[in-house]
file work.json (JSON, C-alpha atoms)
[["chain", "number", "residue", "atom", "x", "y", "z"],
["S", 1, "MET", "CA", 98.29, 79.80, 141.81],
["S", 2, "ARG", "CA", 95.14, 78.63, 140.04],
["S", 3, "ARG", "CA", 94.60, 79.46, 136.35],
["S", 4, "TYR", "CA", 91.89, 82.07, 136.94],
["S", 5, "GLU", "CA", 93.13, 83.39, 140.27],
["S", 6, "ARG", "CA", 94.59, 86.57, 138.76],
["S", 7, "LEU", "CA", 91.32, 87.28, 136.96],
["S", 8, "GLU", "CA", 89.52, 86.98, 140.29],
["S", 9, "ARG", "CA", 91.97, 89.54, 141.71],
["S", 10, "ILE", "CA", 91.32, 91.89, 138.78],
["S", 11, "ARG", "CA", 87.57, 91.68, 139.35],
["S", 12, "ARG", "CA", 88.07, 92.84, 142.95],
["S", 13, "MET", "CA", 89.95, 95.95, 141.79],
["S", 14, "ASP", "CA", 88.52, 99.33, 140.76],
["S", 15, "PRO", "CA", 88.91, 99.67, 136.96],
["S", 16, "HIS", "CA", 88.92, 103.47, 137.21],
["S", 17, "ARG", "CA", 91.19, 104.13, 140.19],
["S", 18, "GLU", "CA", 93.46, 101.13, 139.48],
["S", 19, "ALA", "CA", 93.28, 101.16, 135.71],
["S", 20, "THR", "CA", 96.99, 101.03, 134.94],
["S", 21, "GLU", "CA", 97.61, 98.28, 137.51],
["S", 22, "ILE", "CA", 94.82, 96.18, 135.96],
["S", 23, "TYR", "CA", 96.17, 96.90, 132.48],
["S", 24, "ARG", "CA", 99.67, 95.88, 133.67],
["S", 25, "LEU", "CA", 98.33, 92.57, 134.97],
["S", 26, "SER", "CA", 96.60, 91.90, 131.65],
["S", 27, "VAL", "CA", 99.59, 92.88, 129.51],
["S", 28, "ALA", "CA", 102.47, 91.43, 131.50],
["S", 29, "TYR", "CA", 100.89, 88.35, 133.10],
["S", 30, "GLU", "CA", 97.69, 87.25, 131.38],
["S", 31, "PHE", "CA", 98.28, 88.02, 127.68],
["S", 32, "PRO", "CA", 101.86, 89.21, 126.94],
["S", 33, "TRP", "CA", 102.07, 87.47, 123.54],
["S", 34, "ASP", "CA", 98.58, 88.52, 122.51],
["S", 35, "PHE", "CA", 99.10, 92.16, 123.44],
["S", 36, "THR", "CA", 102.38, 92.24, 121.51],
["S", 37, "ARG", "CA", 100.78, 90.83, 118.37],
["S", 38, "SER", "CA", 97.63, 92.96, 118.62],
["S", 39, "LEU", "CA", 99.52, 96.20, 119.24],
["S", 40, "GLU", "CA", 101.78, 95.44, 116.26],
["S", 41, "LEU", "CA", 98.66, 95.17, 114.11],
["S", 42, "ALA", "CA", 97.15, 98.24, 115.78],
["S", 43, "LEU", "CA", 100.09, 100.42, 114.72],
["S", 44, "TYR", "CA", 100.23, 98.71, 111.34],
["S", 45, "ARG", "CA", 96.64, 99.49, 110.43],
["S", 46, "THR", "CA", 97.19, 103.22, 111.04],
["S", 47, "TYR", "CA", 99.26, 103.32, 107.83],
["S", 48, "ALA", "CA", 96.03, 102.79, 105.86],
["S", 49, "VAL", "CA", 95.02, 106.36, 106.76],
["S", 50, "PRO", "CA", 96.90, 108.12, 103.93],
["S", 51, "GLY", "CA", 97.86, 111.17, 105.98],
["S", 52, "ILE", "CA", 99.52, 108.97, 108.59],
["S", 53, "GLY", "CA", 101.13, 106.64, 106.05],
["S", 54, "ARG", "CA", 102.56, 109.50, 103.97],
["S", 55, "LEU", "CA", 104.04, 111.25, 107.00],
["S", 56, "LEU", "CA", 105.69, 108.02, 108.17],
["S", 57, "ALA", "CA", 107.07, 107.45, 104.68],
["S", 58, "ALA", "CA", 108.43, 111.02, 104.55],
["S", 59, "THR", "CA", 110.32, 110.58, 107.83],
["S", 60, "ALA", "CA", 111.82, 107.35, 106.39],
["S", 61, "GLU", "CA", 112.00, 105.85, 109.88],
["S", 62, "LEU", "CA", 109.86, 102.82, 109.06],
["S", 63, "THR", "CA", 111.29, 102.31, 105.58],
["S", 64, "ASP", "CA", 115.00, 102.86, 106.34],
["S", 65, "ARG", "CA", 115.23, 101.91, 110.04],
["S", 66, "PRO", "CA", 112.16, 99.75, 110.74],
["S", 67, "GLN", "CA", 113.72, 97.67, 113.53],
["S", 68, "LYS", "CA", 114.80, 100.72, 115.55],
["S", 69, "ARG", "CA", 111.45, 102.45, 115.04],
["S", 70, "TYR", "CA", 109.60, 99.28, 116.14],
["S", 71, "ASP", "CA", 111.83, 98.88, 119.19],
["S", 72, "ASP", "CA", 111.61, 102.51, 120.28],
["S", 73, "THR", "CA", 107.82, 102.65, 119.96],
["S", 74, "SER", "CA", 107.40, 99.42, 121.94],
["S", 75, "LEU", "CA", 109.83, 100.43, 124.67],
["S", 76, "LEU", "CA", 108.43, 103.93, 125.17],
["S", 77, "LEU", "CA", 104.80, 102.83, 125.37],
["S", 78, "ASP", "CA", 105.61, 99.88, 127.60],
["S", 79, "ALA", "CA", 107.66, 101.98, 130.04],
["S", 80, "VAL", "CA", 104.42, 103.71, 131.02],
["S", 81, "VAL", "CA", 102.70, 100.36, 131.52],
["S", 82, "GLU", "CA", 105.55, 98.88, 133.56],
["S", 83, "HIS", "CA", 106.32, 101.88, 135.78],
["S", 84, "GLY", "CA", 103.14, 104.02, 135.77],
["S", 85, "PHE", "CA", 102.33, 107.57, 134.74],
["S", 86, "GLY", "CA", 103.79, 109.14, 137.88],
["S", 87, "SER", "CA", 107.16, 107.38, 137.73],
["S", 88, "VAL", "CA", 110.37, 108.92, 136.43],
["S", 89, "GLN", "CA", 110.40, 106.34, 133.64],
["S", 90, "GLY", "CA", 106.78, 107.01, 132.71],
["S", 91, "ARG", "CA", 107.26, 110.79, 132.62],
["S", 92, "THR", "CA", 110.45, 110.41, 130.57],
["S", 93, "ALA", "CA", 108.76, 108.15, 128.04],
["S", 94, "ILE", "CA", 105.74, 110.43, 127.63],
["S", 95, "GLY", "CA", 107.99, 113.47, 127.33],
["S", 96, "ARG", "CA", 109.95, 111.78, 124.57],
["S", 97, "ILE", "CA", 106.77, 110.75, 122.74],
["S", 98, "ASN", "CA", 105.42, 114.29, 122.93],
["S", 99, "ARG", "CA", 108.62, 115.87, 121.64],
["S", 100, "MET", "CA", 108.58, 113.57, 118.62],
["S", 101, "HIS", "CA", 104.96, 114.32, 117.78],
["S", 102, "ARG", "CA", 105.29, 118.07, 118.27],
["S", 103, "ALA", "CA", 107.91, 118.19, 115.53],
["S", 104, "TYR", "CA", 105.10, 117.65, 113.01],
["S", 105, "ASP", "CA", 101.68, 119.15, 112.33],
["S", 106, "ILE", "CA", 99.61, 116.03, 113.04],
["S", 107, "PRO", "CA", 95.82, 116.50, 112.98],
["S", 108, "ASP", "CA", 94.07, 115.89, 116.29],
["S", 109, "ASP", "CA", 91.77, 113.34, 114.65],
["S", 110, "ASP", "CA", 94.75, 111.25, 113.48],
["S", 111, "MET", "CA", 96.25, 111.31, 116.98],
["S", 112, "ARG", "CA", 92.89, 110.33, 118.45],
["S", 113, "TYR", "CA", 92.52, 107.50, 115.94],
["S", 114, "VAL", "CA", 95.96, 106.03, 116.73],
["S", 115, "LEU", "CA", 95.07, 106.08, 120.42],
["S", 116, "CYS", "CA", 91.81, 104.25, 119.64],
["S", 117, "THR", "CA", 93.70, 101.43, 117.92],
["S", 118, "PHE", "CA", 95.59, 100.73, 121.17],
["S", 119, "VAL", "CA", 92.30, 100.24, 123.00],
["S", 120, "VAL", "CA", 90.18, 98.45, 120.43],
["S", 121, "MET", "CA", 92.53, 96.11, 118.57],
["S", 122, "PRO", "CA", 93.82, 94.21, 121.64],
["S", 123, "ARG", "CA", 90.27, 93.59, 122.83],
["S", 124, "ARG", "CA", 89.23, 92.29, 119.40],
["S", 125, "TRP", "CA", 92.36, 90.14, 119.05],
["S", 126, "ILE", "CA", 92.12, 88.61, 122.52],
["S", 127, "ASP", "CA", 88.41, 87.91, 122.24],
["S", 128, "ALA", "CA", 89.13, 86.10, 118.96],
["S", 129, "TYR", "CA", 92.42, 84.33, 119.78],
["S", 130, "GLY", "CA", 93.24, 84.62, 123.49],
["S", 131, "TRP", "CA", 93.10, 81.84, 126.06],
["S", 132, "ARG", "CA", 90.08, 83.63, 127.54],
["S", 133, "ARG", "CA", 88.09, 86.73, 126.69],
["S", 134, "LEU", "CA", 88.84, 90.03, 128.39],
["S", 135, "SER", "CA", 86.70, 90.75, 131.43],
["S", 136, "ARG", "CA", 84.65, 93.95, 131.65],
["S", 137, "HIS", "CA", 87.10, 95.22, 134.29],
["S", 138, "GLU", "CA", 90.01, 94.79, 131.87],
["S", 139, "ILE", "CA", 88.14, 96.49, 129.03],
["S", 140, "VAL", "CA", 87.23, 99.50, 131.17],
["S", 141, "ALA", "CA", 90.75, 99.70, 132.64],
["S", 142, "SER", "CA", 92.30, 99.71, 129.17],
["S", 143, "ALA", "CA", 90.07, 102.60, 128.08],
["S", 144, "VAL", "CA", 90.90, 104.55, 131.25],
["S", 145, "HIS", "CA", 94.64, 103.88, 130.86],
["S", 146, "TYR", "CA", 94.72, 105.18, 127.30],
["S", 147, "ARG", "CA", 92.41, 108.06, 128.08],
["S", 148, "THR", "CA", 94.99, 109.07, 130.71],
["S", 149, "LEU", "CA", 97.80, 108.65, 128.17],
["S", 150, "GLY", "CA", 95.86, 110.80, 125.72],
["S", 151, "ARG", "CA", 95.51, 113.52, 128.33],
["S", 152, "HIS", "CA", 99.27, 113.46, 129.00],
["S", 153, "MET", "CA", 99.87, 113.73, 125.26],
["S", 154, "GLY", "CA", 97.55, 116.72, 124.94],
["S", 155, "ILE", "CA", 95.10, 114.96, 122.61],
["S", 156, "LYS", "CA", 91.77, 116.75, 122.56],
["S", 157, "ASP", "CA", 88.35, 115.12, 122.94],
["S", 158, "VAL", "CA", 89.63, 111.65, 123.82],
["S", 159, "PRO", "CA", 86.76, 109.12, 124.02],
["S", 160, "ARG", "CA", 85.52, 108.47, 127.54],
["S", 161, "SER", "CA", 84.58, 104.78, 127.32],
["S", 162, "TYR", "CA", 85.58, 101.68, 125.40],
["S", 163, "GLU", "CA", 82.41, 101.95, 123.35],
["S", 164, "GLU", "CA", 83.30, 105.51, 122.33],
["S", 165, "PHE", "CA", 86.84, 104.43, 121.40],
["S", 166, "GLU", "CA", 85.40, 101.65, 119.25],
["S", 167, "SER", "CA", 82.79, 103.84, 117.56],
["S", 168, "PHE", "CA", 85.38, 106.48, 116.70],
["S", 169, "LEU", "CA", 87.79, 103.90, 115.29],
["S", 170, "ASP", "CA", 85.21, 102.24, 113.06],
["S", 171, "ALA", "CA", 83.85, 105.53, 111.74],
["S", 172, "TYR", "CA", 87.32, 106.95, 111.12],
["S", 173, "GLU", "CA", 88.48, 103.90, 109.21],
["S", 174, "GLU", "CA", 85.34, 103.86, 107.08],
["S", 175, "ALA", "CA", 85.85, 107.52, 106.20],
["S", 176, "HIS", "CA", 89.64, 107.58, 105.76],
["S", 177, "PHE", "CA", 91.07, 104.18, 104.77],
["S", 178, "ASP", "CA", 92.34, 104.57, 101.20],
["S", 179, "TRP", "CA", 95.13, 103.62, 98.84],
["S", 180, "ASP", "CA", 98.37, 105.57, 98.94],
["S", 181, "ALA", "CA", 101.62, 104.50, 97.30],
["S", 182, "ASP", "CA", 103.81, 105.86, 100.09],
["S", 183, "ALA", "CA", 101.69, 104.20, 102.77],
["S", 184, "ARG", "CA", 102.03, 100.91, 100.89],
["S", 185, "ARG", "CA", 105.84, 101.31, 101.04],
["S", 186, "VAL", "CA", 105.61, 101.67, 104.82],
["S", 187, "SER", "CA", 103.32, 98.66, 104.99],
["S", 188, "ASP", "CA", 105.69, 96.53, 102.91],
["S", 189, "ALA", "CA", 108.67, 97.55, 105.05],
["S", 190, "THR", "CA", 106.79, 96.61, 108.22],
["S", 191, "LEU", "CA", 105.77, 93.23, 106.84],
["S", 192, "ASP", "CA", 109.38, 92.58, 105.81],
["S", 193, "LEU", "CA", 110.52, 93.48, 109.33],
["S", 194, "MET", "CA", 108.09, 91.12, 111.05],
["S", 195, "ILE", "CA", 109.01, 88.31, 108.69],
["S", 196, "SER", "CA", 112.74, 88.92, 109.27],
["S", 197, "TRP", "CA", 112.41, 87.78, 112.90],
["S", 198, "TYR", "CA", 112.04, 84.17, 111.75],
["S", 199, "PRO", "CA", 114.14, 81.78, 109.61],
["S", 200, "ARG", "CA", 114.36, 82.95, 105.99],
["S", 201, "PRO", "CA", 112.81, 79.80, 104.43],
["S", 202, "LEU", "CA", 109.57, 80.56, 106.30],
["S", 203, "ALA", "CA", 109.20, 84.02, 104.76],
["S", 204, "PRO", "CA", 106.57, 83.20, 102.08],
["S", 205, "VAL", "CA", 104.43, 81.26, 104.55],
["S", 206, "LEU", "CA", 104.70, 83.97, 107.21],
["S", 207, "ARG", "CA", 103.78, 86.72, 104.76],
["S", 208, "THR", "CA", 100.68, 84.82, 103.66],
["S", 209, "ALA", "CA", 99.77, 84.04, 107.26],
["S", 210, "THR", "CA", 100.09, 87.70, 108.26],
["S", 211, "LEU", "CA", 97.88, 88.82, 105.39],
["S", 212, "ALA", "CA", 95.37, 86.15, 106.40],
["S", 213, "LEU", "CA", 94.96, 87.89, 109.76],
["S", 214, "LEU", "CA", 94.13, 91.28, 108.18],
["S", 215, "ASP", "CA", 90.54, 92.33, 107.58],
["S", 216, "GLU", "CA", 89.07, 93.19, 104.19],
["S", 217, "PRO", "CA", 89.16, 97.02, 104.54],
["S", 218, "LEU", "CA", 92.87, 96.90, 105.40],
["S", 219, "LEU", "CA", 93.69, 94.57, 102.51],
["S", 220, "ARG", "CA", 91.77, 96.81, 100.11],
["S", 221, "ALA", "CA", 93.48, 99.98, 101.34],
["S", 222, "PHE", "CA", 96.94, 98.48, 100.69],
["S", 223, "ARG", "CA", 95.80, 96.67, 97.52],
["S", 224, "TYR", "CA", 97.07, 93.32, 98.77],
["S", 225, "THR", "CA", 95.69, 90.22, 97.11],
["S", 226, "PRO", "CA", 93.65, 88.49, 99.82],
["S", 227, "PRO", "CA", 94.69, 84.93, 100.72],
["S", 228, "SER", "CA", 92.15, 82.29, 99.86],
["S", 229, "ALA", "CA", 89.23, 81.67, 102.20],
["S", 230, "ALA", "CA", 90.71, 78.29, 103.10],
["S", 231, "THR", "CA", 94.08, 79.84, 103.99],
["S", 232, "ARG", "CA", 92.46, 82.52, 106.12],
["S", 233, "ALA", "CA", 90.37, 79.93, 107.94],
["S", 234, "TRP", "CA", 93.40, 77.68, 108.56],
["S", 235, "VAL", "CA", 95.60, 80.51, 109.87],
["S", 236, "ARG", "CA", 92.93, 81.88, 112.19],
["S", 237, "ARG", "CA", 92.12, 78.43, 113.47],
["S", 238, "ALA", "CA", 95.81, 77.85, 114.22],
["S", 239, "VAL", "CA", 96.04, 81.04, 116.26],
["S", 240, "ARG", "CA", 92.87, 80.12, 118.16],
["S", 241, "LEU", "CA", 94.34, 76.69, 118.92],
["S", 242, "ARG", "CA", 97.40, 78.38, 120.37],
["S", 243, "GLY", "CA", 95.11, 80.24, 122.77],
["S", 244, "ARG", "CA", 93.42, 77.01, 123.82],
["S", 245, "ALA", "CA", 96.82, 75.43, 124.47],
["S", 246, "VAL", "CA", 97.87, 78.38, 126.65],
["S", 247, "ARG", "CA", 94.71, 77.88, 128.73],
["S", 248, "LEU", "CA", 96.06, 74.49, 129.78],
["S", 249, "LEU", "CA", 99.39, 75.91, 130.98],
["S", 250, "PRO", "CA", 100.09, 77.07, 134.54],
["S", 251, "PRO", "CA", 99.54, 80.83, 135.05],
["S", 252, "ARG", "CA", 102.53, 83.08, 134.55],
["S", 253, "ARG", "CA", 104.25, 83.89, 137.84],
["S", 254, "ALA", "CA", 106.71, 86.55, 136.61],
["S", 255, "PRO", "CA", 105.77, 89.54, 134.44],
["S", 256, "HIS", "CA", 106.85, 89.76, 130.83],
["S", 257, "PHE", "CA", 107.28, 93.27, 129.44],
["S", 258, "ALA", "CA", 108.03, 94.50, 125.92],
["S", 259, "ARG", "CA", 111.72, 95.04, 126.73],
["S", 260, "GLN", "CA", 111.95, 91.24, 127.19],
["S", 261, "ASN", "CA", 110.52, 90.40, 123.77],
["S", 262, "ARG", "CA", 112.83, 88.59, 121.38],
["S", 263, "GLU", "CA", 111.69, 90.97, 118.63],
["S", 264, "ILE", "CA", 113.45, 93.89, 120.36],
["S", 265, "LYS", "CA", 116.93, 93.78, 118.80],
["S", 266, "SER", "CA", 118.39, 97.30, 118.67],
["S", 267, "TYR", "CA", 119.85, 97.58, 122.17],
["S", 268, "PRO", "CA", 121.79, 94.46, 123.21],
["S", 269, "ASP", "CA", 123.81, 96.58, 125.67],
["S", 270, "GLY", "CA", 120.82, 98.44, 127.14],
["S", 271, "TYR", "CA", 119.26, 101.84, 126.48],
["S", 272, "ARG", "CA", 118.15, 105.10, 128.08],
["S", 273, "LEU", "CA", 114.51, 106.06, 127.62],
["S", 274, "ALA", "CA", 115.51, 109.68, 127.00],
["S", 275, "ASP", "CA", 117.60, 108.58, 124.00],
["S", 276, "LEU", "CA", 114.88, 106.56, 122.29],
["S", 277, "GLY", "CA", 112.80, 107.75, 119.37],
["S", 278, "THR", "CA", 113.33, 109.85, 116.29],
["S", 279, "SER", "CA", 114.75, 113.26, 115.50],
["S", 280, "PRO", "CA", 112.78, 115.82, 113.46],
["S", 281, "VAL", "CA", 113.29, 115.72, 109.70],
["S", 282, "PRO", "CA", 114.53, 119.17, 108.59],
["S", 283, "GLY", "CA", 111.92, 121.03, 106.58],
["S", 284, "LEU", "CA", 109.13, 118.52, 107.24],
["S", 285, "ARG", "CA", 106.24, 119.72, 109.37],
["S", 286, "GLY", "CA", 103.00, 118.50, 107.87],
["S", 287, "CYS", "CA", 101.81, 115.63, 105.72],
["S", 288, "PRO", "CA", 103.38, 115.72, 102.23],
["S", 289, "VAL", "CA", 101.09, 116.11, 99.23],
["S", 290, "ARG", "CA", 99.77, 112.88, 97.81],
["S", 291, "HIS", "CA", 101.91, 111.37, 95.07],
["S", 292, "PRO", "CA", 100.32, 110.10, 91.87],
["S", 293, "ASP", "CA", 99.71, 106.33, 91.80]]
call {"tool": "encode", "arguments": {"input": "work.json", "output": "structure tokens"}}
result
Amino acid sequence: MRRYERLERIRRMDPHREATEIYRLSVAYEFPWDFTRSLELALYRTYAVPGIGRLLAATAELTDRPQKRYDDTSLLLDAVVEHGFGSVQGRTAIGRINRMHRAYDIPDDDMRYVLCTFVVMPRRWIDAYGWRRLSRHEIVASAVHYRTLGRHMGIKDVPRSYEEFESFLDAYEEAHFDWDADARRVSDATLDLMISWYPRPLAPVLRTATLALLDEPLLRAFRYTPPSAATRAWVRRAVRLRGRAVRLLPPRRAPHFARQNREIKSYPDGYRLADLGTSPVPGLRGCPVRHPD
């Protein structure tokens, strides 16, 4: 198989009727590492919306059990990608996601914003660091895939195009990103988790490198001290060089899904999709009141 042969196949497909199949080819064959990293950052940046960050802190899932929460979220979302919306696995995963969300009074706008991060952040990451840029077919297919997911989740007024997803995300972040002490606790716990996947002596370097990949609004919202301009330039150049190296490799012949990622650690003996996820916190329905700084 030639390096761009799969892209040629994607361009012959219909990005509306075959959206999930195109998205699967992009995620599992063309950019598995890039989608993993970009979706990690997509979920991470949602904490900077105080209502989302406070609710996640109140459930304690990301502060007390971050590895399990990371694994369950990855496995449930990826089951839909791997098996499709109409499969038993896809329906089970969506049903589990919906039951978790319905336990809390989450505003429609917050749900819509989280969905937007899944569409926009991978495109921005891959265009900046991937071995090639996403094609228009892949961009459209991603928007259609997540619009379909939003419909299955009962989210109202889901954007219809990539451009609408992007416009909503940018406007929502400008209006809602803000400091919150509880959200910062969730952010710190997530950073600690991601760093824990690598040898302990590398922790300070990895923390700085991760912060170097965050944009200014996100750093301000969490009140992190930005790395120096030189550090940010070096880290971003290193990630771009990785993409250029991947371009020289033979194309992937077997798919790689989230369940195969080394970062997934909670289920060495396997799992059932119906058992994944969280249980409702007794007495917690809506977002807790904001704590003083």
call {"tool": "closest_residue", "arguments": {"input": "work.json", "among": "S:Leu25, S:Gly90, S:His16, S:Ala189", "to": "Arg253 in chain S", "atoms": "all atoms listed in the file"}}
result
S:Leu25
call {"tool": "residues_around", "arguments": {"input": "work.json", "residues": "Leu115 in chain S", "least_positions_apart": "6", "cutoff": "9 Å", "atoms": "only C-alpha atoms", "output": "PyMOL selection string"}}
result
chain S and resi 146-147+149-150+158+165
call {"tool": "atom_distance", "arguments": {"input": "work.json", "atom1": "CA of Thr46 in chain S", "atom2": "CA of Met194 in chain S"}}
result
16.3 Å
call {"tool": "residues_near_point", "arguments": {"input": "work.json", "point": "(114.2, 107.3, 107.5)", "cutoff": "12 Å", "atoms": "only C-alpha atoms", "output": "list in words"}}
result
Leu55, Leu56, Ala57, Ala58, Thr59, Ala60, Glu61, Leu62, Thr63, Asp64, Arg65, Pro66, Gln67, Lys68, Arg69, Val186, Ala189, Gly277, Thr278, Ser279, Pro280, Val281 and Pro282 of chain S
call {"tool": "residues_around", "arguments": {"input": "work.json", "residues": "Glu82 in chain S", "least_positions_apart": "3", "cutoff": "12 Å", "atoms": "all atoms listed in the file", "output": "short mmCIF file (atom, residue, chain, number, x, y, z; two decimals) with C-alpha atoms, in the frame of the given file"}}
result
data_model
loop_
_atom_site.label_atom_id
_atom_site.label_comp_id
_atom_site.auth_asym_id
_atom_site.auth_seq_id
_atom_site.Cartn_x
_atom_site.Cartn_y
_atom_site.Cartn_z
CA THR S 20 96.99 101.03 134.94
CA GLU S 21 97.61 98.28 137.51
CA ILE S 22 94.82 96.18 135.96
CA TYR S 23 96.17 96.90 132.48
CA ARG S 24 99.67 95.88 133.67
CA LEU S 25 98.33 92.57 134.97
CA SER S 26 96.60 91.90 131.65
CA VAL S 27 99.59 92.88 129.51
CA ALA S 28 102.47 91.43 131.50
CA TYR S 29 100.89 88.35 133.10
CA SER S 74 107.40 99.42 121.94
CA LEU S 75 109.83 100.43 124.67
CA LEU S 76 108.43 103.93 125.17
CA LEU S 77 104.80 102.83 125.37
CA ASP S 78 105.61 99.88 127.60
CA ALA S 79 107.66 101.98 130.04
CA PHE S 85 102.33 107.57 134.74
CA GLY S 86 103.79 109.14 137.88
CA SER S 87 107.16 107.38 137.73
CA VAL S 88 110.37 108.92 136.43
CA GLN S 89 110.40 106.34 133.64
CA GLY S 90 106.78 107.01 132.71
CA ALA S 93 108.76 108.15 128.04
CA PRO S 255 105.77 89.54 134.44
CA HIS S 256 106.85 89.76 130.83
CA PHE S 257 107.28 93.27 129.44
CA ALA S 258 108.03 94.50 125.92
CA ARG S 259 111.72 95.04 126.73
CA GLN S 260 111.95 91.24 127.19
#
call {"tool": "residues_around", "arguments": {"input": "work.json", "residues": "Ser187 in chain S", "least_positions_apart": "4", "cutoff": "7 Å", "atoms": "all atoms listed in the file", "output": "JSON, numbers by chain"}}
result
{"S": [47, 183, 191]}
call {"tool": "closest_residue", "arguments": {"input": "work.json", "among": "S:Met153, S:Tyr271, S:Arg132, S:Leu211", "to": "Ala245 in chain S", "atoms": "all atoms listed in the file"}}
result
S:Arg132
call {"tool": "atom_distance", "arguments": {"input": "work.json", "atom1": "CA of Ala221 in chain S", "atom2": "CA of Ile155 in chain S"}}
result
26.1 Å
call {"tool": "residues_near_point", "arguments": {"input": "work.json", "point": "(98.8, 89.6, 122.8)", "cutoff": "12 Å", "atoms": "all atoms listed in the file", "output": "VMD selection string"}}
result
chain S and resid 26 to 42 118 121 to 134 239 242 to 243 246 256 to 258 261
call {"tool": "axis_aligned_box", "arguments": {"input": "work.json", "around": "range 125-144 of chain S", "padding_each_side": "5 Å", "output": "AutoDock Vina command-line options"}}
result
--center_x 88.9 --center_y 93.2 --center_z 126.6 --size_x 18.6 --size_y 32.7 --size_z 25.3
call {"tool": "residues_around", "arguments": {"input": "work.json", "residues": "range 160-163 of chain S", "least_positions_apart": "3", "cutoff": "8 Å", "atoms": "only C-alpha atoms", "output": "JSON, numbers by chain"}}
result
{"S": [119, 120, 139, 140, 142, 143, 144, 147, 166, 167]}
